[in-house]
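Before any comments, here is the structure.
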Amino acid sequence: MPKTAAPEHVQREIERLREQIRHHDYRYYVLDQPEVSDAEYDQLLRRLQALEAQHPQLVTPDSPTQRVGGVPDEAFQPVRHAVAMLSLDNAFDEAEVRAWQQRAAKGLGQAGATYTVEPKVDGVGLALTYERGRLLRAATRGDGTTGEDVTANAKTIRAIPLRLQGEAPRRLEVRGEVYMTTADFEAHNARAAREGAETFANPRNASAGSLRQKNPQVTAARPLRFFVHSYGVVEGARFSTHWEFLDACRTFGLPVTEQAKRCDSFEAAWQHCRRLEEQRERLAFEVDGAVIKVNELSLQQRLGFTHKAPRWAIAYKFPAQHATTQVLGAEASVGRTGTITPVAKLKPVACAGVTISSATLHNYDEVARLGVRVGDWVVIKRAGDVIPQVVKVLESRRHGKERRIAPPSRCPACRGEVTKEKEDEVAYRCLNPSCPAQLIRTILHFGSREAMDIEGLGEAVVVQLIERRLIKDAADLYRLAAKDLRALELFAEKKAQNLVDAIAASRPRGLARLLYGLGIRHVGEKIAQLLAEHFGSMARLARAKAEELESLQEIGPVLAAAVAAYFRHPGTRKLLERLEAAGVKMTEEAARGPRPLAGQTFVFTGELLAMTRAQAEALVRRLGGKTASSVSRLTTHVVAGQAPGSKFNKAKQLGVKILDEAAFRRMMDQHVR
Ligand code: IVH
């Protein structure tokens, strides 16, 4: 290869070719309006490849030839999202959508909102970070906090620009959906079947599978597309509405769905949802619903988020897809909380792209309501990823030999008694606290890596511990001695001692992990952490009323009620006493570093100019303070931004100290150096 500088005319030709190719990619993949034939496009690409091969020093990472540049990688690197990638709350009918709008309107008081409506494409979420207009990184959603770096694969998707058009912001993280059109998906499957390669059940699985290929060459060969629907971090640009953001994306050359619409009123937004629903079958890609968002970003900010989804958006899920099949049998399954769920075993049937062989019947009241029997022909429905369900019995197809489905009188796992806890409850439960079906799962969860992290406490071990009556709850683990374990199958001296040591080592894990490990309904890792930080000790948390729990920003009424109910239960008190007596730590250490705001609780109202509310709250928490969403006697400071809401008056009433943004910043600056 010549090492000397390339002649200027070659450099110019290379630049021109890249511009042309980018332009045609944009016409084809973003606008869906190609201007040249595939052959003409290939010619340009080949010419560029040839010139770059002759002058490798001129290759840049954002050259169109570099889309398939990455080498196969063993594992995707984890990427921590700067702003969590949340989910959306769902509404399954008009009434639920209207209920969402009413909640939002209440939260906004006098302020009138406009809306946007976009199709909810059934694809895979992807976050793209651009720095000064160059694609820096692509990450999957993962668990919402940490995703996987799939940059090499994402670069092969031609709808994703490697370089933004026009005046790009300093930093822009857009989020959107990777998907496949129905036609591309079918063509891909047909080809794969011919070649004896892997076929996919539906376009969503095909997109997910293609995006997570170890070899970018494979991804490049898959017909993936992309559109933008939201953002994470924006630096060096300001938008006042979601629509403005989408428009800006269009000017940057990022794809936005054609079906997105701005609506001046909620009624217009709802109409557009219905229109999308009607068009559903005619769209080029699979959609499972429509997303309504409050358009004004200031109003979005006012509504904020729950721990899992924004309050300013709702996904209206279109009615599910249906299929007809026969019930071959009925089983009862026991959940971690003892609930017994009837499950219909079905003659396998294809529905919405997957084969279905069982469906939930929810509970025995539902069995009675449907009148479903073994042998019946039934209509099942499947929506998105939820478990398929039986919706209707086709009575005209009965032949008289069908068998009724009755609640089991004994638990299928422990043969223990099965009851309805309260007469008006629909769920049958196995109340045996040592029922193995529940206990196995409870103990495995308690010892799992994210909870108390007890190495060696696998399923085979737990099953034996329960069968031999060595444990009947988590607290019993801490009484096990090596000699108890030696009696188990496959337990040599060393292994027994290792497990005893591992259990002992879990005692000081702290409140957050313990709370998560207890398996309280709705309490995931994040919420457990939050509760541990806020309350500091199990005793304080156990005393908290639902109202105090709800005053925490991320906690809604359902979660607050579940936590309060858990601690009210007499069984809980006993378990906690026994854990404490066993030396398990019941408190959470304060975060490391100085905590100048310890003991203070901040509430924010109105819009901040220099930072987002989430950033301000994170700052307070980092300095050891607490944040809450409503003003109470526990509040020490209210920070009032632009156009503060009713919290401002409440603060005045209660005599709580009020800071404007400048005063708040001065206060923070004292602590952050
Ligand atoms: S907005 C804070 N808009 O659906 C969440 N999401 O079920 C902002 N999705 O995680 C997301 N189409 O991956 C938004 N038009 C759309 C969407 C959409 C599909 C996905 C997205 C999200 C998931 C939630």
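Ordering of the structure tokens sets the chain letters (A, B, ...); residue numbers start at 1 within each chain; ligands are numbered from 1 in the order shown.
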Within 9 Å of Ser357 (chain A), counting only C-alpha atoms, which residues qualify if same-chain residues fewer than 6 places away don't, as a JSON list (two decimals) with N, CA, C and O atoms, in the first residue's frame?
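Wrote it out as out20.json, contents follow:
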```
[["chain", "number", "residue", "atom", "x", "y", "z"],
["A", 344, "ALA", "N", -54.87, -24.51, 31.26],
["A", 344, "ALA", "CA", -55.44, -25.41, 30.26],
["A", 344, "ALA", "C", -54.32, -25.94, 29.36],
["A", 344, "ALA", "O", -53.51, -25.16, 28.86],
["A", 345, "LYS", "N", -54.27, -27.25, 29.20],
["A", 345, "LYS", "CA", -53.32, -27.85, 28.26],
["A", 345, "LYS", "C", -54.05, -27.95, 26.92],
["A", 345, "LYS", "O", -55.16, -28.49, 26.85],
["A", 346, "LEU", "N", -53.44, -27.42, 25.88],
["A", 346, "LEU", "CA", -54.15, -27.28, 24.61],
["A", 346, "LEU", "C", -53.54, -28.13, 23.51],
["A", 346, "LEU", "O", -52.33, -28.44, 23.55],
["A", 347, "LYS", "N", -54.36, -28.44, 22.54],
["A", 347, "LYS", "CA", -53.84, -29.02, 21.31],
["A", 347, "LYS", "C", -53.03, -27.89, 20.66],
["A", 347, "LYS", "O", -53.56, -26.79, 20.46],
["A", 348, "PRO", "N", -51.73, -28.12, 20.36],
["A", 348, "PRO", "CA", -50.89, -27.02, 19.88],
["A", 348, "PRO", "C", -51.49, -26.30, 18.68],
["A", 348, "PRO", "O", -52.00, -26.94, 17.77],
["A", 349, "VAL", "N", -51.43, -24.97, 18.74],
["A", 349, "VAL", "CA", -52.04, -24.17, 17.68],
["A", 349, "VAL", "C", -51.16, -22.93, 17.42],
["A", 349, "VAL", "O", -50.53, -22.42, 18.35]]
```
Quick one: everything within 12 Å of region 534-536 of chain A, counting only C-alpha atoms, minus sequence neighbours fewer than 3 positions away in the same chain. Send it as a PyMOL selection string.
chain A and resi 510-512+515+527-531+539-544+548-549+551-555+585-591+598-601+621+624-628
Distance of CA of Ser630 (chain A) from CA of Glu550 (chain A), expressed in Å to one decimal place:
9.3 Å
Find the residues around Ile21 (chain A) up to 8 Å (only C-alpha atoms counted), leave out those fewer than 2 positions away in its own chain, and share them as an mmCIF file with all heavy atoms, in the first residue's frame.
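File out_0.cif, as written:
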```
data_model
loop_
_atom_site.group_PDB
_atom_site.id
_atom_site.type_symbol
_atom_site.label_atom_id
_atom_site.label_comp_id
_atom_site.auth_asym_id
_atom_site.auth_seq_id
_atom_site.Cartn_x
_atom_site.Cartn_y
_atom_site.Cartn_z
ATOM 1 N N LEU A 17 -18.190 10.338 -2.958
ATOM 2 C CA LEU A 17 -18.859 9.030 -2.943
ATOM 3 C C LEU A 17 -19.572 8.800 -1.611
ATOM 4 O O LEU A 17 -20.703 8.320 -1.563
ATOM 5 C CB LEU A 17 -17.834 7.917 -3.182
ATOM 6 C CG LEU A 17 -17.359 7.778 -4.633
ATOM 7 C CD1 LEU A 17 -16.083 6.935 -4.694
ATOM 8 C CD2 LEU A 17 -18.455 7.143 -5.496
ATOM 9 N N ARG A 18 -18.893 9.149 -0.544
ATOM 10 C CA ARG A 18 -19.513 8.954 0.786
ATOM 11 C C ARG A 18 -20.789 9.776 0.908
ATOM 12 O O ARG A 18 -21.810 9.290 1.398
ATOM 13 C CB ARG A 18 -18.534 9.353 1.895
ATOM 14 C CG ARG A 18 -17.411 8.355 2.058
ATOM 15 C CD ARG A 18 -16.444 8.808 3.131
ATOM 16 N NE ARG A 18 -15.308 7.912 3.190
ATOM 17 C CZ ARG A 18 -14.149 8.217 3.775
ATOM 18 N NH1 ARG A 18 -13.983 9.406 4.332
ATOM 19 N NH2 ARG A 18 -13.178 7.342 3.803
ATOM 20 N N GLU A 19 -20.710 11.024 0.461
ATOM 21 C CA GLU A 19 -21.896 11.887 0.505
ATOM 22 C C GLU A 19 -23.042 11.260 -0.277
ATOM 23 O O GLU A 19 -24.185 11.224 0.181
ATOM 24 C CB GLU A 19 -21.576 13.260 -0.104
ATOM 25 C CG GLU A 19 -20.934 14.237 0.871
ATOM 26 C CD GLU A 19 -21.758 14.394 2.141
ATOM 27 O OE1 GLU A 19 -23.001 14.483 2.037
ATOM 28 O OE2 GLU A 19 -21.164 14.383 3.245
ATOM 29 N N HIS A 23 -26.550 9.868 1.174
ATOM 30 C CA HIS A 23 -27.799 10.429 0.656
ATOM 31 C C HIS A 23 -28.739 9.308 0.212
ATOM 32 O O HIS A 23 -29.919 9.307 0.547
ATOM 33 C CB HIS A 23 -27.482 11.373 -0.503
ATOM 34 C CG HIS A 23 -28.695 11.860 -1.230
ATOM 35 N ND1 HIS A 23 -29.511 12.846 -0.706
ATOM 36 C CD2 HIS A 23 -29.255 11.474 -2.407
ATOM 37 C CE1 HIS A 23 -30.521 13.052 -1.543
ATOM 38 N NE2 HIS A 23 -30.391 12.235 -2.587
ATOM 39 N N HIS A 24 -28.211 8.304 -0.505
ATOM 40 C CA HIS A 24 -29.071 7.222 -0.993
ATOM 41 C C HIS A 24 -29.552 6.317 0.148
ATOM 42 O O HIS A 24 -30.675 5.833 0.114
ATOM 43 C CB HIS A 24 -28.368 6.421 -2.090
ATOM 44 C CG HIS A 24 -28.148 7.228 -3.332
ATOM 45 N ND1 HIS A 24 -29.161 7.946 -3.927
ATOM 46 C CD2 HIS A 24 -27.039 7.461 -4.077
ATOM 47 C CE1 HIS A 24 -28.680 8.584 -4.984
ATOM 48 N NE2 HIS A 24 -27.390 8.311 -5.096
ATOM 49 N N ASP A 25 -28.694 6.111 1.151
ATOM 50 C CA ASP A 25 -29.135 5.355 2.333
ATOM 51 C C ASP A 25 -30.334 6.053 2.959
ATOM 52 O O ASP A 25 -31.328 5.430 3.329
ATOM 53 C CB ASP A 25 -28.012 5.282 3.388
ATOM 54 C CG ASP A 25 -27.013 4.173 3.088
ATOM 55 O OD1 ASP A 25 -27.339 3.292 2.267
ATOM 56 O OD2 ASP A 25 -25.911 4.192 3.664
ATOM 57 N N TYR A 41 -26.476 1.870 -6.920
ATOM 58 C CA TYR A 41 -25.998 2.051 -5.546
ATOM 59 C C TYR A 41 -24.773 1.167 -5.297
ATOM 60 O O TYR A 41 -23.755 1.622 -4.784
ATOM 61 C CB TYR A 41 -27.129 1.703 -4.574
ATOM 62 C CG TYR A 41 -26.746 1.748 -3.112
ATOM 63 C CD1 TYR A 41 -26.855 2.931 -2.388
ATOM 64 C CD2 TYR A 41 -26.273 0.615 -2.461
ATOM 65 C CE1 TYR A 41 -26.507 2.979 -1.045
ATOM 66 C CE2 TYR A 41 -25.907 0.648 -1.130
ATOM 67 C CZ TYR A 41 -26.029 1.833 -0.424
ATOM 68 O OH TYR A 41 -25.673 1.871 0.906
ATOM 69 N N LEU A 44 -21.563 2.558 -6.697
ATOM 70 C CA LEU A 44 -20.955 3.623 -5.889
ATOM 71 C C LEU A 44 -20.186 3.013 -4.720
ATOM 72 O O LEU A 44 -19.052 3.397 -4.429
ATOM 73 C CB LEU A 44 -22.037 4.567 -5.336
ATOM 74 C CG LEU A 44 -22.804 5.400 -6.359
ATOM 75 C CD1 LEU A 44 -23.980 6.109 -5.686
ATOM 76 C CD2 LEU A 44 -21.875 6.424 -7.001
ATOM 77 N N LEU A 45 -20.823 2.058 -4.058
ATOM 78 C CA LEU A 45 -20.218 1.449 -2.880
ATOM 79 C C LEU A 45 -18.929 0.718 -3.268
ATOM 80 O O LEU A 45 -17.905 0.822 -2.583
ATOM 81 C CB LEU A 45 -21.220 0.488 -2.227
ATOM 82 C CG LEU A 45 -20.857 0.013 -0.828
ATOM 83 C CD1 LEU A 45 -20.773 1.205 0.131
ATOM 84 C CD2 LEU A 45 -21.909 -0.970 -0.301
ATOM 85 N N PRO A 64 -19.312 4.890 4.912
ATOM 86 C CA PRO A 64 -20.341 3.857 4.681
ATOM 87 C C PRO A 64 -19.751 2.456 4.490
ATOM 88 O O PRO A 64 -20.459 1.471 4.649
ATOM 89 C CB PRO A 64 -21.034 4.321 3.401
ATOM 90 C CG PRO A 64 -20.716 5.769 3.271
ATOM 91 C CD PRO A 64 -19.416 6.004 3.961
#
```
Shell around region 86-91 of chain A at 7 Å using only C-alpha atoms, local window under 5 positions removed, as a list in words:
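Neighbouring residues, sequence-local ones excluded: Glu96, Val97, Gly144, Lys308, Ala309, Pro310, Ala313, Ile314, Ala315, Tyr316 and Lys317 of chain A.
If only C-alpha atoms are the atoms counted, then among A:Pro342, A:Gly304, A:Gly176, A:Pro216 the closest residue to Tyr231 (chain A) is A:Gly176.
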Protein and nucleic acid residues within 10 Å of ligand 1 (only C-alpha atoms and all ligand atoms) as an MDAnalysis selection string
chainID A and resid 83:90 116:127 140:141 144 175:179 227:232 256:257 259:260 287:293 305 308:315 317 384
Looking only at helix (DSSP H, G or I) from DSSP on the backbone, list the matching residues of region 260-353 of chain A as number ranges by chain.
A: 266-282, 297-303
Same residues, N, CA and C atoms, output as a JSON list (two decimals), in the first residue's frame:
```
[["chain", "number", "residue", "atom", "x", "y", "z"],
["A", 266, "PHE", "N", -57.08, 15.77, 23.42],
["A", 266, "PHE", "CA", -57.07, 14.35, 23.74],
["A", 266, "PHE", "C", -58.00, 13.57, 22.81],
["A", 267, "GLU", "N", -59.17, 14.20, 22.47],
["A", 267, "GLU", "CA", -60.12, 13.49, 21.59],
["A", 267, "GLU", "C", -59.47, 13.19, 20.24],
["A", 268, "ALA", "N", -58.72, 14.17, 19.72],
["A", 268, "ALA", "CA", -58.05, 13.96, 18.43],
["A", 268, "ALA", "C", -57.01, 12.84, 18.56],
["A", 269, "ALA", "N", -56.34, 12.80, 19.72],
["A", 269, "ALA", "CA", -55.32, 11.76, 19.94],
["A", 269, "ALA", "C", -55.99, 10.39, 19.95],
["A", 270, "TRP", "N", -57.11, 10.31, 20.66],
["A", 270, "TRP", "CA", -57.81, 9.02, 20.73],
["A", 270, "TRP", "C", -58.28, 8.58, 19.33],
["A", 271, "GLN", "N", -58.77, 9.55, 18.56],
["A", 271, "GLN", "CA", -59.20, 9.22, 17.18],
["A", 271, "GLN", "C", -58.05, 8.64, 16.37],
["A", 272, "HIS", "N", -56.86, 9.23, 16.55],
["A", 272, "HIS", "CA", -55.72, 8.74, 15.77],
["A", 272, "HIS", "C", -55.34, 7.32, 16.22],
["A", 273, "CYS", "N", -55.49, 7.04, 17.51],
["A", 273, "CYS", "CA", -55.24, 5.68, 17.99],
["A", 273, "CYS", "C", -56.15, 4.70, 17.26],
["A", 274, "ARG", "N", -57.44, 5.09, 17.17],
["A", 274, "ARG", "CA", -58.42, 4.21, 16.52],
["A", 274, "ARG", "C", -58.08, 4.03, 15.05],
["A", 275, "ARG", "N", -57.63, 5.12, 14.43],
["A", 275, "ARG", "CA", -57.28, 5.05, 13.01],
["A", 275, "ARG", "C", -56.11, 4.06, 12.82],
["A", 276, "LEU", "N", -55.12, 4.15, 13.69],
["A", 276, "LEU", "CA", -53.99, 3.23, 13.58],
["A", 276, "LEU", "C", -54.45, 1.79, 13.79],
["A", 277, "GLU", "N", -55.39, 1.63, 14.71],
["A", 277, "GLU", "CA", -55.90, 0.29, 14.97],
["A", 277, "GLU", "C", -56.57, -0.28, 13.71],
["A", 278, "GLU", "N", -57.36, 0.58, 13.04],
["A", 278, "GLU", "CA", -58.02, 0.14, 11.81],
["A", 278, "GLU", "C", -57.01, -0.21, 10.72],
["A", 279, "GLN", "N", -55.93, 0.60, 10.67],
["A", 279, "GLN", "CA", -54.93, 0.40, 9.61],
["A", 279, "GLN", "C", -53.98, -0.74, 9.91],
["A", 280, "ARG", "N", -54.08, -1.26, 11.12],
["A", 280, "ARG", "CA", -53.10, -2.20, 11.63],
["A", 280, "ARG", "C", -52.65, -3.25, 10.61],
["A", 281, "GLU", "N", -53.64, -3.92, 10.00],
["A", 281, "GLU", "CA", -53.31, -5.02, 9.08],
["A", 281, "GLU", "C", -52.64, -4.51, 7.81],
["A", 282, "ARG", "N", -52.85, -3.24, 7.48],
["A", 282, "ARG", "CA", -52.29, -2.72, 6.22],
["A", 282, "ARG", "C", -50.90, -2.12, 6.41],
["A", 297, "LEU", "N", -42.83, 19.36, 26.86],
["A", 297, "LEU", "CA", -41.84, 18.74, 27.75],
["A", 297, "LEU", "C", -41.93, 19.30, 29.16],
["A", 298, "SER", "N", -42.35, 20.57, 29.28],
["A", 298, "SER", "CA", -42.48, 21.13, 30.63],
["A", 298, "SER", "C", -43.59, 20.40, 31.39],
["A", 299, "LEU", "N", -44.65, 20.04, 30.65],
["A", 299, "LEU", "CA", -45.76, 19.33, 31.31],
["A", 299, "LEU", "C", -45.35, 17.88, 31.59],
["A", 300, "GLN", "N", -44.57, 17.30, 30.70],
["A", 300, "GLN", "CA", -44.05, 15.95, 30.95],
["A", 300, "GLN", "C", -43.28, 15.95, 32.27],
["A", 301, "GLN", "N", -42.48, 17.01, 32.42],
["A", 301, "GLN", "CA", -41.65, 17.08, 33.61],
["A", 301, "GLN", "C", -42.50, 17.19, 34.87],
["A", 302, "ARG", "N", -43.59, 17.93, 34.73],
["A", 302, "ARG", "CA", -44.46, 18.10, 35.88],
["A", 302, "ARG", "C", -45.09, 16.77, 36.29],
["A", 303, "LEU", "N", -45.41, 15.94, 35.30],
["A", 303, "LEU", "CA", -46.04, 14.66, 35.61],
["A", 303, "LEU", "C", -45.02, 13.64, 36.11]]
```
Which residue is closest to Arg80 (chain A)? Choose from A:Thr151, A:Thr419, A:Thr241, A:Thr145 and count only C-alpha atoms.
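Ranking A:Thr151, A:Thr419, A:Thr241, A:Thr145 by distance to Arg80 (chain A), first place goes to A:Thr145.
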Can you list, as a ChimeraX atom specification, every protein, DNA or RNA residue that comes within 7 Å of Phe252 (chain A) when you count only C-alpha atoms, leaving out same-chain residues fewer than 2 positions away?
/A:164-166,168,248-250,254
Selection from above, N, CA, C and O atoms, as a PDB file, in the first residue's frame, can you write it?
```pdb
ATOM      1  N   LEU A 164     -24.806  12.446  11.710  1.00  0.00           N
ATOM      2  CA  LEU A 164     -26.067  13.185  11.592  1.00  0.00           C
ATOM      3  C   LEU A 164     -25.933  14.290  10.557  1.00  0.00           C
ATOM      4  O   LEU A 164     -24.847  14.827  10.339  1.00  0.00           O
ATOM      5  N   GLN A 165     -27.055  14.649   9.937  1.00  0.00           N
ATOM      6  CA  GLN A 165     -27.055  15.755   8.980  1.00  0.00           C
ATOM      7  C   GLN A 165     -27.212  17.074   9.734  1.00  0.00           C
ATOM      8  O   GLN A 165     -27.790  17.112  10.815  1.00  0.00           O
ATOM      9  N   GLY A 166     -26.730  18.140   9.112  1.00  0.00           N
ATOM     10  CA  GLY A 166     -26.974  19.486   9.645  1.00  0.00           C
ATOM     11  C   GLY A 166     -26.230  19.759  10.946  1.00  0.00           C
ATOM     12  O   GLY A 166     -25.230  19.125  11.243  1.00  0.00           O
ATOM     13  N   ALA A 168     -25.609  19.274  14.334  1.00  0.00           N
ATOM     14  CA  ALA A 168     -25.933  18.280  15.360  1.00  0.00           C
ATOM     15  C   ALA A 168     -25.581  18.809  16.742  1.00  0.00           C
ATOM     16  O   ALA A 168     -24.617  19.549  16.895  1.00  0.00           O
ATOM     17  N   ALA A 248     -36.784  17.606  14.848  1.00  0.00           N
ATOM     18  CA  ALA A 248     -35.324  17.780  14.825  1.00  0.00           C
ATOM     19  C   ALA A 248     -34.676  16.487  14.344  1.00  0.00           C
ATOM     20  O   ALA A 248     -33.749  16.515  13.531  1.00  0.00           O
ATOM     21  N   CYS A 249     -35.184  15.350  14.824  1.00  0.00           N
ATOM     22  CA  CYS A 249     -34.626  14.060  14.386  1.00  0.00           C
ATOM     23  C   CYS A 249     -34.714  13.931  12.878  1.00  0.00           C
ATOM     24  O   CYS A 249     -33.772  13.507  12.219  1.00  0.00           O
ATOM     25  N   ARG A 250     -35.872  14.344  12.336  1.00  0.00           N
ATOM     26  CA  ARG A 250     -36.025  14.267  10.874  1.00  0.00           C
ATOM     27  C   ARG A 250     -34.937  15.086  10.200  1.00  0.00           C
ATOM     28  O   ARG A 250     -34.333  14.648   9.234  1.00  0.00           O
ATOM     29  N   LEU A 254     -32.500  11.204  11.002  1.00  0.00           N
ATOM     30  CA  LEU A 254     -32.885  10.017  11.772  1.00  0.00           C
ATOM     31  C   LEU A 254     -34.320   9.637  11.402  1.00  0.00           C
ATOM     32  O   LEU A 254     -35.167  10.517  11.238  1.00  0.00           O
TER      33      LEU A 254
END
```
For Ala6 (chain A), please output as a ChimeraX atom specification all residues within 9 Å (counting only C-alpha atoms; exclusion window: fewer than 6 positions along the same chain).
/A:55,57-58
Which is closest to Thr355 (chain A) among A:Ala451, A:Ile466, A:Ala323, A:Val372, if we use only C-alpha atoms?
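Of A:Ala451, A:Ile466, A:Ala323, A:Val372, the one nearest Thr355 (chain A) is A:Ala323, counting only C-alpha atoms.
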List as a short mmCIF file (atom, residue, chain, number, x, y, z; two decimals) with N, CA and C atoms, in the first residue's frame the protein and nucleic acid residues near Phe602 (chain A), meaning an atom at most 12 Å away when only C-alpha atoms are counted, but skip any in the same chain fewer than 4 places from it.
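Saved to result-v2.cif:
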```
data_model
loop_
_atom_site.label_atom_id
_atom_site.label_comp_id
_atom_site.auth_asym_id
_atom_site.auth_seq_id
_atom_site.Cartn_x
_atom_site.Cartn_y
_atom_site.Cartn_z
N SER A 551 -45.15 8.75 49.74
CA SER A 551 -44.56 10.08 49.56
C SER A 551 -43.21 9.97 48.86
N LEU A 552 -42.67 8.77 48.72
CA LEU A 552 -41.44 8.61 47.95
C LEU A 552 -41.78 8.69 46.47
N GLN A 553 -40.97 9.46 45.77
CA GLN A 553 -41.22 9.74 44.36
C GLN A 553 -41.54 8.50 43.51
N LEU A 597 -26.28 16.58 53.62
CA LEU A 597 -27.72 16.83 53.63
C LEU A 597 -28.49 15.75 54.40
N ALA A 598 -27.76 14.93 55.16
CA ALA A 598 -28.44 13.87 55.90
C ALA A 598 -29.55 14.47 56.76
N ARG A 613 -35.11 18.04 36.75
CA ARG A 613 -35.50 17.72 38.11
C ARG A 613 -34.81 16.43 38.58
N ALA A 616 -31.37 17.20 39.67
CA ALA A 616 -31.36 17.89 40.96
C ALA A 616 -31.63 16.91 42.09
N GLU A 617 -32.58 16.02 41.88
CA GLU A 617 -32.91 15.05 42.93
C GLU A 617 -31.75 14.10 43.18
N ALA A 618 -31.10 13.70 42.09
CA ALA A 618 -29.96 12.78 42.24
C ALA A 618 -28.86 13.45 43.06
N LEU A 619 -28.68 14.76 42.83
CA LEU A 619 -27.66 15.51 43.55
C LEU A 619 -27.96 15.52 45.05
N VAL A 620 -29.22 15.79 45.37
CA VAL A 620 -29.62 15.81 46.78
C VAL A 620 -29.36 14.45 47.42
N ARG A 621 -29.74 13.40 46.70
CA ARG A 621 -29.57 12.07 47.29
C ARG A 621 -28.10 11.71 47.43
N LEU A 623 -25.81 13.63 48.16
CA LEU A 623 -25.26 14.33 49.33
C LEU A 623 -25.93 13.87 50.62
N GLY A 624 -26.67 12.79 50.53
CA GLY A 624 -27.23 12.20 51.74
C GLY A 624 -28.62 12.67 52.08
N GLY A 625 -29.19 13.58 51.27
CA GLY A 625 -30.54 14.06 51.55
C GLY A 625 -31.58 13.13 50.95
N LYS A 626 -32.84 13.42 51.26
CA LYS A 626 -33.92 12.63 50.69
C LYS A 626 -34.75 13.52 49.78
N THR A 627 -35.49 12.90 48.87
CA THR A 627 -36.40 13.68 48.03
C THR A 627 -37.78 13.05 48.14
N ALA A 628 -38.77 13.89 48.00
CA ALA A 628 -40.14 13.38 48.05
C ALA A 628 -40.95 14.12 47.00
N SER A 629 -42.12 13.59 46.65
CA SER A 629 -42.89 14.23 45.58
C SER A 629 -43.97 15.14 46.15
N SER A 630 -44.26 15.03 47.44
CA SER A 630 -45.24 15.96 47.97
C SER A 630 -44.78 16.55 49.30
N VAL A 631 -45.29 17.73 49.59
CA VAL A 631 -44.87 18.46 50.77
C VAL A 631 -45.60 17.93 52.00
N SER A 632 -44.84 17.65 53.04
CA SER A 632 -45.48 17.22 54.28
C SER A 632 -44.68 17.81 55.44
N ARG A 633 -45.04 17.43 56.65
CA ARG A 633 -44.31 17.96 57.79
C ARG A 633 -42.87 17.47 57.81
N LEU A 634 -42.61 16.38 57.04
CA LEU A 634 -41.25 15.86 57.00
C LEU A 634 -40.34 16.65 56.05
N THR A 635 -40.97 17.49 55.20
CA THR A 635 -40.19 18.24 54.21
C THR A 635 -39.38 19.33 54.90
N THR A 636 -38.09 19.43 54.56
CA THR A 636 -37.29 20.52 55.14
C THR A 636 -37.10 21.67 54.15
N HIS A 637 -37.05 21.35 52.83
CA HIS A 637 -36.86 22.41 51.83
C HIS A 637 -37.77 22.18 50.64
N VAL A 638 -38.36 23.25 50.12
CA VAL A 638 -39.05 23.17 48.84
C VAL A 638 -38.28 24.04 47.86
N VAL A 639 -37.91 23.44 46.72
CA VAL A 639 -37.18 24.19 45.70
C VAL A 639 -38.19 24.59 44.63
N ALA A 640 -38.37 25.90 44.46
CA ALA A 640 -39.38 26.39 43.52
C ALA A 640 -38.71 26.89 42.26
N LYS A 647 -47.54 22.88 45.35
CA LYS A 647 -46.63 22.53 46.44
C LYS A 647 -46.04 23.78 47.09
N ALA A 651 -46.12 24.58 50.97
CA ALA A 651 -44.88 24.83 51.72
C ALA A 651 -45.04 26.08 52.58
N VAL A 656 -42.50 25.68 55.53
CA VAL A 656 -41.29 24.98 55.08
C VAL A 656 -40.39 25.98 54.34
N LYS A 657 -39.10 25.82 54.52
CA LYS A 657 -38.16 26.74 53.88
C LYS A 657 -38.25 26.60 52.36
N ILE A 658 -38.38 27.76 51.67
CA ILE A 658 -38.50 27.73 50.20
C ILE A 658 -37.23 28.32 49.58
N LEU A 659 -36.66 27.60 48.62
CA LEU A 659 -35.46 28.09 47.93
C LEU A 659 -35.82 28.33 46.47
N PHE A 664 -30.84 27.31 45.66
CA PHE A 664 -30.59 25.86 45.70
C PHE A 664 -29.20 25.55 45.15
#
```
Among the residues A:Val59, A:Val174, A:Leu518, A:Cys435, the one that comes closest to Thr572 (chain A) [using only C-alpha atoms]
A:Leu518
DSSP on the backbone: which residues in region 367-461 of chain A end up as strand (DSSP E)? Give the answer as JSON, numbers by chain.
{"A": [373, 374, 377, 378, 379, 380, 381, 382, 389, 390, 391, 392, 393, 403, 404, 418, 419, 420, 428, 429, 430]}
As an exercise, work out the distance from CA of Ser265 (chain A) to CA of Thr114 (chain A) in Å and give it to one decimal place.
5.6 Å
One decimal, in Å: what's the spacing between CA of Leu490 (chain A) and CA of Ala460 (chain A)?
10.0 Å
